[in-house]
Amino acid sequence: MGRGIKILLAAAGLLALLAVAGVVLVYVLVDPNDYKPEIVRLVKEQTGRDLVLEGDLGLSLFPGLSVTLGPARLGNAPGFGDRPFAVLKGASARLAIRPLIDGRVEVSHVRLDGLVLNLERDAQGRTNWDDLLAAGPGAPKAGADKAGAGAGQAGPEKGPGLALSVDAIRIKDASVSWTEAEGGQVYRVDGVDLAVTNFAAGRSFDFTMSLGFAAKDPAIDGRAEVQGSAVLDPERDAYLVKGLKAEVRAKGGDLPGGRAEVLLGAADLRLDLARQLASLEGLSLSAYGLSARGKAVVSGFRDRVSAKGALEIPSFEPRQVLASLGVEGLRTADPEALSRAAAAVDFKASFDEFEASSLLVRVDASTVQGQGRITNFKNPIYALKARVDYLDLDRYLPPQEQAEAGSGQSRSGQSRSGQSRSGSGVGSSGPQEREIIPVKLLRGLRLDADLSAAELKAFGLRMSDVVLRVHALDGRVDVKALNMDLYQGRVESSAGVDCRGQRPETKLEIKADKVEAGPLVRDATGKDSFAGTVRLSSSLEAVGAGFMDLRRTLNGTASFGVVNGVFPGVDLGDMAEKTAESRDRKGALTAERTDRTRFGEARGSAVIRNGVLTNRDFELSSPHLRAQGQGSVDLAGEQIDYMLRAKLVASSRGQGGGGLTDYVGVPVPVRVTGTLSEPRYAVSLAEYANILGQGAVDTVGGVVKGVGGVVGGAIRSFEDILGGGKSGSDSRR
């Protein structure tokens with residue numbers, strides 16, 4: 001037994017000696033450069049490309065088997081010019097000989113210097129590496145048995161293979177360029193340095209990489225650094241990256257703010273190709289003063305890719321973020337607005353759908369909660385349901401002086417030059433016409449929205465329990481509901497905009513009940529003017545997209561009622577008394593801007609035709625006054641042509657013999673002219689004298705009687721006034 005073992009050991013030693021001697025003889029007798037022509041020929045046969053080996057091939061045995069390659073280049077594919085596809089300054093590798101006997105490949109280092117890849121795609125969509133993939137080891141061979149690929153045919157069994165490990169891999173000063181023939185875009189990554197240590201399949205290894213990048217469209221350049229550890233397990237098609245950290249610094253004219261610094265991290269990134277599953281845990285992202293953290297799972301990426309995950313954006317300062325993005329000079333009515341914000345979302349996504357199943361957004365004192373969905377990205381369909389607890393929109397609007405300067409318009413509708421915005425000609429939009437219905441947007445909009453607010457403040461108005469439901473499809477937008485509690489009352493409205501024709505058609509229905517107009521007007525204008533508890537019902541329609549188009553084509557009906565109110569700009573009772581007291585029967589009495597008419601009830605209805613509002617049944621009553629009115633308002637031109645008949649009624653003053661009892665019940669004609677923003681109220685004393693001249697007046701118990709029926713004559717005279725002349729004619733439109 002001992003003798004046999006000695007013989008075996010001696011034989012093994014002899015074989016090892018012969019092997020070493022053989023390797024030495026090969027090293028001494030064989031020059032690898034003698035095989036360069038054969039290598040070039042094989043590459044030409046396999047790829048059709050020219051390989052140029054400008055440098056020498058080197059071979060050495062100590063301290064391990066080392067191979068070196070001098071400068072080399074590989075030609076481009078046919079049709080892609082003379083620029084080489086790949087250029088290499090040099091390469092080297094060293095492996096240990098002894099582990100090869102045990103089926104292990106132990107490489108101490110692999111190094112590539114100055115690798116340059118020039119990738120291109122032509123106008124037909126072909127790339128300059130398509131031919132390499134077709135000629136690669138996985139490509140079908142000519143004459144191969146096609147039936148062998150049929151169902152039930154097992155492929156060749158995988159052998160155990162060699163266990164590969166590399167102590168160090170280094171790629172230094174590499175670059176990759178990408179050129180698109182269509183559009184002329186050029187992207188470049190250069191200065192690539194990659195270092196990998198202790199690489200082996202199924203075993204954790206560390207890596208670091210740095211690179212520079214540049215592009216002309218968009219204009220951007222910068223540098224990135226990446227590090228982490230990874231495990232590659234090709235046997236199980238499983239891959240893992242842990243502790244990933246990336247830092248990107250970039251600048252360029254097309255970059256928001258002109259420059260950016262981005263930090264990206266991932267605690268655990270896994271890819272399981274066998275299960276078609278990828279997962280990301282511990283994601284962190286920081287850029288432009290904004291940070292985010294999240295997680296995600298992606299599945300089915302060989303068939304139908306889908307993803308789900310969560311993203312959280314902790315508290316940040318929106319103004320600081322906007323400044324970093326290059327948004328300068330942002331001014332809001334409240335300088336403290338946009339001081340803090342935060343967001344969180346749970347999401348699902350695929351190639352044609354994104355869904356936010358849970359959305360939370362906080363901005364200053366407001367919190368929005370809801371969910372949303374986008375389907376069919378090519379022609380998106382939006383669905384949104386959200387509720388805000390409290391929102392003050394006025395805080396985020398431009399300051400008043402900035403808003404007025406931007407619009408160039410006064411509250412009266414006149415331009416700063418004093419010209420009316422009404423334009424010329426019915427249905428024509430002037431060159432400065434302001435489009436308030438975005439036709440192009442609405443024609444392509446597909447939306448279902450259900451929005452609500454517990455409390456809302458906008459344009460000075462305070463609302464609560466606000467509900468907005470909108471459906472938009474194929475050029476038609478239906479506001480199914482816009483309801484709210486408004487100043488102790490309730491407003492319910494609906495609207496529709498049909499953009500399918502050449503010009504949009506708009507319909508609007510509004511009902512308001514028990515709305516307190518006093519505080520509403522005060523909050524909207526900052527002034528105390530109109531007041532009262534309002535009831536309103538209207539049905540309106542108009543054609544056009546511009547503000548003036550809508551005014552000129554407005555048609556519909558409206559009815560209203562106001563109780564316990566105040567009407568600004570005129571004191572009808574005072575005008576009636578002054579008219580009766582006046583001994584002058586020429587000239588006119590006019591109202592002061594500060595005058596007010598207090599009344600118990602006012603009501604009426606209106607018909608609107610082509611932008612002209614006509615009212616014939618206005619009635620107003622108060623303890624000392626009754627008034628009736630009729631006339632018209634040109635909404636486009638903002639011109640008023642209206643007549644009020646104000647009558648004094650019996651009062652304690654009249655019963656006291658103050659002289660006015662003789663005039664109780666006599667209508668005082670108050671003409672209303674001017675514009676909507678600047679109405680003028682005046683009584684023609686001559687017209688009033690004409691009314692009185694219809695007959696003698698006698699007063700019995702505060703009721704007017706007259707020889708020949710003075711009241712009837714007065715009324716007929718009043719109607720004659722309305723019917724005669726241009727103003728009366730206009731009032732009957």
# chains A, B, ... in the order shown; residues from 1 in each chain; ligands from 1

call {"tool": "residues_around", "arguments": {"residues": "stretch 594-611 of chain A", "least_positions_apart": "3", "cutoff": "8 Å", "atoms": "only C-alpha atoms", "output": "PyMOL selection string"}}
result
chain A and resi 551-573+591+614-623+634-636

call {"tool": "write_last_selection", "arguments": {"atoms": "C-alpha atoms", "output": "PDB file, in the first residue's frame"}}
result
ATOM      1  CA  ARG A 551     -72.010  88.856 -23.163  1.00  0.00           C
ATOM      2  CA  ARG A 552     -73.234  89.666 -26.666  1.00  0.00           C
ATOM      3  CA  THR A 553     -74.810  86.246 -27.273  1.00  0.00           C
ATOM      4  CA  LEU A 554     -76.294  85.776 -23.817  1.00  0.00           C
ATOM      5  CA  ASN A 555     -79.921  84.581 -23.779  1.00  0.00           C
ATOM      6  CA  GLY A 556     -82.183  83.313 -21.015  1.00  0.00           C
ATOM      7  CA  THR A 557     -84.441  84.210 -18.147  1.00  0.00           C
ATOM      8  CA  ALA A 558     -84.046  85.154 -14.506  1.00  0.00           C
ATOM      9  CA  SER A 559     -86.210  85.942 -11.508  1.00  0.00           C
ATOM     10  CA  PHE A 560     -85.214  87.378  -8.161  1.00  0.00           C
ATOM     11  CA  GLY A 561     -86.455  88.512  -4.815  1.00  0.00           C
ATOM     12  CA  VAL A 562     -84.783  90.483  -2.030  1.00  0.00           C
ATOM     13  CA  VAL A 563     -86.127  91.171   1.456  1.00  0.00           C
ATOM     14  CA  ASN A 564     -84.927  93.602   4.121  1.00  0.00           C
ATOM     15  CA  GLY A 565     -82.496  95.157   1.711  1.00  0.00           C
ATOM     16  CA  VAL A 566     -80.456  98.216   0.900  1.00  0.00           C
ATOM     17  CA  PHE A 567     -79.984  99.461  -2.671  1.00  0.00           C
ATOM     18  CA  PRO A 568     -76.922 101.711  -3.215  1.00  0.00           C
ATOM     19  CA  GLY A 569     -76.512 104.844  -5.290  1.00  0.00           C
ATOM     20  CA  VAL A 570     -79.988 106.336  -4.854  1.00  0.00           C
ATOM     21  CA  ASP A 571     -82.483 107.172  -2.100  1.00  0.00           C
ATOM     22  CA  LEU A 572     -85.827 106.849  -3.904  1.00  0.00           C
ATOM     23  CA  GLY A 573     -87.853 108.130  -0.955  1.00  0.00           C
ATOM     24  CA  ALA A 591     -78.828 111.208  -6.673  1.00  0.00           C
ATOM     25  CA  THR A 614     -85.123  93.533 -20.293  1.00  0.00           C
ATOM     26  CA  ASN A 615     -87.221  93.871 -17.138  1.00  0.00           C
ATOM     27  CA  ARG A 616     -90.868  95.017 -17.034  1.00  0.00           C
ATOM     28  CA  ASP A 617     -92.133  93.930 -13.629  1.00  0.00           C
ATOM     29  CA  PHE A 618     -89.765  95.320 -11.002  1.00  0.00           C
ATOM     30  CA  GLU A 619     -91.502  96.113  -7.716  1.00  0.00           C
ATOM     31  CA  LEU A 620     -90.058  97.577  -4.529  1.00  0.00           C
ATOM     32  CA  SER A 621     -91.831  98.344  -1.266  1.00  0.00           C
ATOM     33  CA  SER A 622     -90.906  99.949   2.013  1.00  0.00           C
ATOM     34  CA  PRO A 623     -92.930 101.508   4.856  1.00  0.00           C
ATOM     35  CA  ASP A 634     -77.038  96.302 -22.677  1.00  0.00           C
ATOM     36  CA  LEU A 635     -74.667  93.827 -21.018  1.00  0.00           C
ATOM     37  CA  ALA A 636     -72.031  94.002 -23.742  1.00  0.00           C
TER      38      ALA A 636
END

call {"tool": "closest_residue", "arguments": {"among": "A:Asp268, A:Asp478, A:Glu577, A:Glu120", "to": "A:Val186", "atoms": "only C-alpha atoms"}}
result
A:Glu120

call {"tool": "select_by_dssp", "arguments": {"residues": "stretch 431-615 of chain A", "states": "alpha helix (DSSP H)", "output": "PyMOL selection string"}}
result
chain A and resi 439-444+517-525+547-552+572-581

call {"tool": "atom_distance", "arguments": {"atom1": "atom CA of A:Thr208", "atom2": "atom CA of A:Ala274"}}
result
27.3 Å

call {"tool": "residues_around", "arguments": {"residues": "stretch 281-297 of chain A", "least_positions_apart": "4", "cutoff": "7 Å", "atoms": "only C-alpha atoms", "output": "PyMOL selection string"}}
result
chain A and resi 260-269+307-314+316+320-321+324-325
